[in-house]
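One structure is given below, encoded as structure tokens.
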Amino acid sequence: MGAAAEVTQRTPGSPGGRFGRWLERRIPAARSVTLDQRRIFIFPSLPGLFFLLLLLLILLTAINYQNNMAYAVAFLLATLFIIAILHTYANLAGLSLHAVSATSAFPGQQSEFTLRLERGRRASHFGLRLAWPGGSDTQVSLVDRDSAELALFVPVGTRGWHHPGRLLLESSYPLGLLRCWTWVDLDLRALVYPQPLASSVLPGGSSERPEGATVPVSGSDDFHGFREYRRGDSLRQVYWKGLARGLALQTKHYAAFADHSAWLDWEAFPGIPVEQRLSHLCYWALQYERGGEDYGLRLPGTEIAPARGEAQLARVLTALALFRIGEQRQ
């Protein structure tokens, strides 16, 4: 893997080239976008092009034969087409799109991108289709509600941040003669974890204390033994009965049992390429979490103390996913 890691991956199929650069200037990335004249494009659909061709033929027939009825039909259809333009544009105008969230995923899986669609006025919006290139699509209408929360699924690639590209919002309402659409960048990214890769053992994975070892804990209720009195020891822990029997002044010693914990250590896989190391560490993080064991992570410049639970797993996987993003992958 000699290519440099990209900070953000983009889904193939998003507008690119000159058109993509023009879109970047005209509709810049934002967490919320309200559609207006600058952000909406409209063009005849395939049925609309046939409609215009028919309209032209009727008009030519009317001119050729000087037929008033043909003129009336041609002007009526032209008026209908103009009215359709206004209604098709109005079906998108005023809508607001808001980025909500994106779920993390592993390479090859699909991430769920959630967004909210709102209408800015009381007008109804019909037959709205939303889709990310290469991902799922959905249709929604805003008639008796002011907003709708939608979830779209997009396949993700290698680890790091995944950008789904520009979102397509389009509609052919009301007659299907025109297609009104826009491409918006909601600045929404999903975190992609390393691909888990099994290894036979995790060298040096165990903690320094074996399972069941005792660790001194102040105030614990587990009695462990006696030790010589030290200045500053609590008088409540002094062994007064022993002193009354003529023994030396002693203090009660308490301890707690240490749980087994493991360290996912970068140095446990020497000589292995970066991505393979991260994949091994990811695999063992998932294994320890399934087993209900405490585990920590040591990476160059990063250390996460041993713990367990969903929050710990999220911290560890996030650190692995973002390790050296933007630097040269080995």
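Convention: chains lettered A, B, ... in structure tokens order; per-chain residue numbering from 1; ligands numbered from 1 as shown.
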Give me, as JSON lines, each residue of stretch 21-43 of chain A that comes within 10 Å of stretch 91-102 of chain A, together with its shortest interatomic pair and the distance in Å at one decimal, counting only C-alpha atoms, with rows ordered by chain and rising residue number.
```
{"residue": "A:Ala30", "atom": "CA", "partner": "A:Ala99", "partner_atom": "CA", "distance": 8.6}
{"residue": "A:Arg31", "atom": "CA", "partner": "A:Ala99", "partner_atom": "CA", "distance": 5.3}
{"residue": "A:Ser32", "atom": "CA", "partner": "A:His98", "partner_atom": "CA", "distance": 4.4}
{"residue": "A:Val33", "atom": "CA", "partner": "A:Leu97", "partner_atom": "CA", "distance": 5.3}
{"residue": "A:Thr34", "atom": "CA", "partner": "A:Ser96", "partner_atom": "CA", "distance": 4.1}
{"residue": "A:Leu35", "atom": "CA", "partner": "A:Gly94", "partner_atom": "CA", "distance": 5.4}
{"residue": "A:Asp36", "atom": "CA", "partner": "A:Ala93", "partner_atom": "CA", "distance": 5.5}
{"residue": "A:Gln37", "atom": "CA", "partner": "A:Ala93", "partner_atom": "CA", "distance": 7.4}
{"residue": "A:Arg39", "atom": "CA", "partner": "A:Ala93", "partner_atom": "CA", "distance": 9.0}
{"residue": "A:Ile40", "atom": "CA", "partner": "A:Ala93", "partner_atom": "CA", "distance": 7.6}
{"residue": "A:Phe41", "atom": "CA", "partner": "A:Leu92", "partner_atom": "CA", "distance": 9.9}
```
(request) Quick one: pick out all strand (DSSP E) residues within stretch 52-173 of chain A from a backbone DSSP run and write them as a VMD selection string. (result) chain A and resid 95 to 102 110 to 119 125 to 131 137 to 142 147 to 155 160 to 163 167 to 171
Emit the selected residues as a tab-separated table (two decimals), in the first residue's frame, including N, CA and C atoms.
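Saved file part.tsv follows:
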```
chain	number	residue	atom	x	y	z
A	95	LEU	N	-37.26	24.17	0.17
A	95	LEU	CA	-36.91	23.01	1.00
A	95	LEU	C	-35.56	23.21	1.67
A	96	SER	N	-35.43	22.71	2.88
A	96	SER	CA	-34.16	22.76	3.61
A	96	SER	C	-33.71	21.34	3.93
A	97	LEU	N	-32.43	21.08	3.74
A	97	LEU	CA	-31.84	19.78	4.06
A	97	LEU	C	-30.82	19.97	5.16
A	98	HIS	N	-30.88	19.12	6.18
A	98	HIS	CA	-29.99	19.21	7.34
A	98	HIS	C	-29.30	17.87	7.56
A	99	ALA	N	-27.99	17.90	7.72
A	99	ALA	CA	-27.24	16.69	8.07
A	99	ALA	C	-27.51	16.35	9.53
A	100	VAL	N	-27.77	15.09	9.82
A	100	VAL	CA	-28.07	14.65	11.19
A	100	VAL	C	-26.93	13.80	11.75
A	101	SER	N	-26.68	12.66	11.14
A	101	SER	CA	-25.66	11.76	11.68
A	101	SER	C	-25.24	10.75	10.62
A	102	ALA	N	-24.13	10.06	10.91
A	102	ALA	CA	-23.65	8.97	10.07
A	102	ALA	C	-23.07	7.90	10.98
A	110	GLN	N	-22.18	-1.11	4.85
A	110	GLN	CA	-22.88	0.12	4.48
A	110	GLN	C	-23.06	0.98	5.71
A	111	SER	N	-22.81	2.26	5.55
A	111	SER	CA	-23.02	3.21	6.63
A	111	SER	C	-24.38	3.87	6.46
A	112	GLU	N	-25.05	4.12	7.57
A	112	GLU	CA	-26.36	4.76	7.53
A	112	GLU	C	-26.19	6.27	7.71
A	113	PHE	N	-26.59	7.02	6.70
A	113	PHE	CA	-26.53	8.48	6.74
A	113	PHE	C	-27.94	9.01	6.97
A	114	THR	N	-28.10	9.77	8.03
A	114	THR	CA	-29.41	10.29	8.40
A	114	THR	C	-29.46	11.79	8.13
A	115	LEU	N	-30.52	12.23	7.49
A	115	LEU	CA	-30.70	13.65	7.22
A	115	LEU	C	-32.16	14.03	7.46
A	116	ARG	N	-32.39	15.32	7.60
A	116	ARG	CA	-33.75	15.81	7.86
A	116	ARG	C	-34.15	16.77	6.74
A	117	LEU	N	-35.35	16.58	6.24
A	117	LEU	CA	-35.89	17.41	5.16
A	117	LEU	C	-37.02	18.25	5.73
A	118	GLU	N	-36.97	19.57	5.53
A	118	GLU	CA	-37.98	20.48	6.08
A	118	GLU	C	-38.51	21.38	4.97
A	119	ARG	N	-39.77	21.73	5.10
A	119	ARG	CA	-40.34	22.71	4.19
A	119	ARG	C	-40.36	24.07	4.88
A	125	HIS	N	-45.01	19.42	-0.88
A	125	HIS	CA	-43.97	18.96	-1.80
A	125	HIS	C	-44.20	17.47	-2.07
A	126	PHE	N	-44.26	17.12	-3.34
A	126	PHE	CA	-44.64	15.77	-3.73
A	126	PHE	C	-43.52	15.07	-4.49
A	127	GLY	N	-43.47	13.75	-4.33
A	127	GLY	CA	-42.60	12.91	-5.15
A	127	GLY	C	-41.14	13.31	-5.13
A	128	LEU	N	-40.59	13.55	-3.95
A	128	LEU	CA	-39.18	13.94	-3.83
A	128	LEU	C	-38.32	12.67	-3.74
A	129	ARG	N	-37.35	12.57	-4.61
A	129	ARG	CA	-36.45	11.42	-4.60
A	129	ARG	C	-35.07	11.88	-4.16
A	130	LEU	N	-34.49	11.16	-3.18
A	130	LEU	CA	-33.17	11.48	-2.67
A	130	LEU	C	-32.28	10.26	-2.80
A	131	ALA	N	-31.02	10.48	-3.21
A	131	ALA	CA	-30.10	9.36	-3.38
A	131	ALA	C	-28.67	9.86	-3.35
A	137	ASP	N	-31.69	4.76	-2.34
A	137	ASP	CA	-32.48	5.96	-2.60
A	137	ASP	C	-33.82	5.82	-1.89
A	138	THR	N	-34.51	6.94	-1.72
A	138	THR	CA	-35.80	6.93	-1.06
A	138	THR	C	-36.66	8.04	-1.64
A	139	GLN	N	-37.97	7.88	-1.52
A	139	GLN	CA	-38.91	8.89	-1.97
A	139	GLN	C	-39.77	9.33	-0.81
A	140	VAL	N	-40.10	10.62	-0.79
A	140	VAL	CA	-40.88	11.17	0.30
A	140	VAL	C	-41.70	12.34	-0.23
A	141	SER	N	-42.84	12.58	0.42
A	141	SER	CA	-43.67	13.75	0.14
A	141	SER	C	-43.95	14.46	1.45
A	142	LEU	N	-43.89	15.78	1.42
A	142	LEU	CA	-44.22	16.60	2.59
A	142	LEU	C	-45.56	17.27	2.32
A	147	SER	N	-41.69	18.28	8.34
A	147	SER	CA	-40.34	17.74	8.20
A	147	SER	C	-40.40	16.23	8.16
A	148	ALA	N	-39.32	15.64	7.68
A	148	ALA	CA	-39.19	14.18	7.65
A	148	ALA	C	-37.73	13.83	7.83
A	149	GLU	N	-37.46	12.81	8.66
A	149	GLU	CA	-36.10	12.33	8.87
A	149	GLU	C	-35.90	11.07	8.03
A	150	LEU	N	-34.85	11.06	7.23
A	150	LEU	CA	-34.63	9.98	6.27
A	150	LEU	C	-33.30	9.31	6.53
A	151	ALA	N	-33.21	8.03	6.23
A	151	ALA	CA	-31.97	7.26	6.36
A	151	ALA	C	-31.62	6.66	5.01
A	152	LEU	N	-30.40	6.91	4.57
A	152	LEU	CA	-29.91	6.36	3.31
A	152	LEU	C	-28.64	5.57	3.60
A	153	PHE	N	-28.42	4.49	2.86
A	153	PHE	CA	-27.28	3.61	3.10
A	153	PHE	C	-26.30	3.70	1.94
A	154	VAL	N	-25.02	3.85	2.29
A	154	VAL	CA	-23.97	4.01	1.28
A	154	VAL	C	-22.83	3.05	1.62
A	155	PRO	N	-22.33	2.25	0.67
A	155	PRO	CA	-21.17	1.39	0.93
A	155	PRO	C	-19.93	2.23	1.23
A	160	GLY	N	-10.81	5.24	7.73
A	160	GLY	CA	-10.70	6.69	7.71
A	160	GLY	C	-12.08	7.31	7.61
A	161	TRP	N	-12.12	8.55	7.16
A	161	TRP	CA	-13.39	9.24	6.97
A	161	TRP	C	-13.93	8.96	5.57
A	162	HIS	N	-15.20	8.61	5.50
A	162	HIS	CA	-15.83	8.35	4.21
A	162	HIS	C	-16.86	9.44	3.93
A	163	HIS	N	-16.68	10.14	2.82
A	163	HIS	CA	-17.62	11.16	2.37
A	163	HIS	C	-18.49	10.56	1.27
A	167	LEU	N	-25.37	14.78	-2.51
A	167	LEU	CA	-26.69	14.16	-2.47
A	167	LEU	C	-27.54	14.68	-3.63
A	168	LEU	N	-28.19	13.76	-4.32
A	168	LEU	CA	-29.09	14.11	-5.41
A	168	LEU	C	-30.51	14.21	-4.87
A	169	LEU	N	-31.15	15.35	-5.09
A	169	LEU	CA	-32.56	15.54	-4.77
A	169	LEU	C	-33.25	15.95	-6.06
A	170	GLU	N	-34.27	15.20	-6.47
A	170	GLU	CA	-34.92	15.48	-7.75
A	170	GLU	C	-36.41	15.21	-7.66
A	171	SER	N	-37.13	15.77	-8.63
A	171	SER	CA	-38.58	15.58	-8.72
A	171	SER	C	-39.03	15.88	-10.13
```
(request) Select, from A:Phe106, A:Trp263, A:Tyr295, A:Trp183, the residue with the minimum atom-to-atom distance to A:Thr318, counting only C-alpha atoms. (result) A:Phe106
(request) Can you work out the spacing between atom CA of A:Gly48 and atom CA of A:Trp132 in Å, to one decimal? (result) 25.1 Å
Please tabulate, as CSV, the residues of stretch 298-321 of chain A that come within 9 Å of stretch 267-285 of chain A, each with its closest pair of atoms and the distance in Å to one decimal, counting only C-alpha atoms and ordering rows by chain, then residue number upward.
```
residue,atom,partner,partner_atom,distance
A:Arg298,CA,A:Glu267,CA,8.3
A:Leu299,CA,A:Glu267,CA,8.1
A:Leu313,CA,A:Ala285,CA,7.0
A:Val316,CA,A:Ala285,CA,7.5
A:Leu317,CA,A:Cys282,CA,6.6
A:Leu320,CA,A:Leu278,CA,6.2
A:Ala321,CA,A:Leu278,CA,8.1
```
Go ahead and write the residues just picked, C-alpha atoms, as a PDB file, in the first residue's frame.
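Final output, selection.pdb:
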```pdb
ATOM      1  CA  ARG A 298      -1.163   1.625  23.060  1.00  0.00           C
ATOM      2  CA  LEU A 299      -0.339   3.345  19.781  1.00  0.00           C
ATOM      3  CA  LEU A 313     -14.826  -0.149  22.143  1.00  0.00           C
ATOM      4  CA  VAL A 316     -10.379   2.100  20.688  1.00  0.00           C
ATOM      5  CA  LEU A 317     -11.836   1.597  17.204  1.00  0.00           C
ATOM      6  CA  LEU A 320      -7.375   2.752  15.180  1.00  0.00           C
ATOM      7  CA  ALA A 321      -9.466   4.211  12.343  1.00  0.00           C
TER       8      ALA A 321
END
```
(message) One number please: atom CA of A:Gly165 to atom CA of A:Arg145, in Å, one decimal.
(response) 28.0 Å
How close does stretch 135-203 of chain A get to stretch 21-29 of chain A? List, as JSON lines, each residue of stretch 135-203 of chain A within 10 Å, its nearest atom pair and the distance in Å to one decimal, counting only C-alpha atoms.
```
{"residue": "A:Arg166", "atom": "CA", "partner": "A:Ala29", "partner_atom": "CA", "distance": 8.9}
{"residue": "A:Thr182", "atom": "CA", "partner": "A:Ile27", "partner_atom": "CA", "distance": 9.3}
{"residue": "A:Trp183", "atom": "CA", "partner": "A:Leu23", "partner_atom": "CA", "distance": 7.9}
{"residue": "A:Val184", "atom": "CA", "partner": "A:Ile27", "partner_atom": "CA", "distance": 6.6}
{"residue": "A:Asp185", "atom": "CA", "partner": "A:Ala29", "partner_atom": "CA", "distance": 4.7}
{"residue": "A:Leu186", "atom": "CA", "partner": "A:Ala29", "partner_atom": "CA", "distance": 5.8}
{"residue": "A:Asp187", "atom": "CA", "partner": "A:Ala29", "partner_atom": "CA", "distance": 5.5}
{"residue": "A:Leu188", "atom": "CA", "partner": "A:Ala29", "partner_atom": "CA", "distance": 9.2}
```
Pull C-alpha atoms from the residues just selected and write them as a PDB file, in the first residue's frame.
```pdb
ATOM      1  CA  ARG A 166     -23.095  15.073  -3.204  1.00  0.00           C
ATOM      2  CA  THR A 182     -30.029  19.705  -7.231  1.00  0.00           C
ATOM      3  CA  TRP A 183     -26.696  18.335  -5.949  1.00  0.00           C
ATOM      4  CA  VAL A 184     -25.961  19.321  -2.342  1.00  0.00           C
ATOM      5  CA  ASP A 185     -22.944  18.549  -0.168  1.00  0.00           C
ATOM      6  CA  LEU A 186     -24.177  18.157   3.408  1.00  0.00           C
ATOM      7  CA  ASP A 187     -20.631  17.849   4.772  1.00  0.00           C
ATOM      8  CA  LEU A 188     -21.553  14.520   6.361  1.00  0.00           C
TER       9      LEU A 188
END
```
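Proximity to A:Arg324 was assessed for A:Ala105, A:Ala248, A:Arg159, A:Ala305 counting only C-alpha atoms; the smallest distance is recorded for A:Arg159.
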(request) Name the closest residue to A:Thr158 among the candidates A:Gln109, A:Asn68, A:Ser136, A:Ser200; distances are taken between atoms, counting only C-alpha atoms. (result) A:Gln109
(message) Using only C-alpha atoms, which protein or nucleic acid residues come within 9 Å of A:Phe43? Drop anything in the same chain fewer than 5 positions from it, and give the result as a ChimeraX atom specification.
(response) /A:48,85,177-181
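Computed from the coordinates, the atom CA of A:Arg189 to atom CA of A:Pro164 distance equals 7.0 Å.
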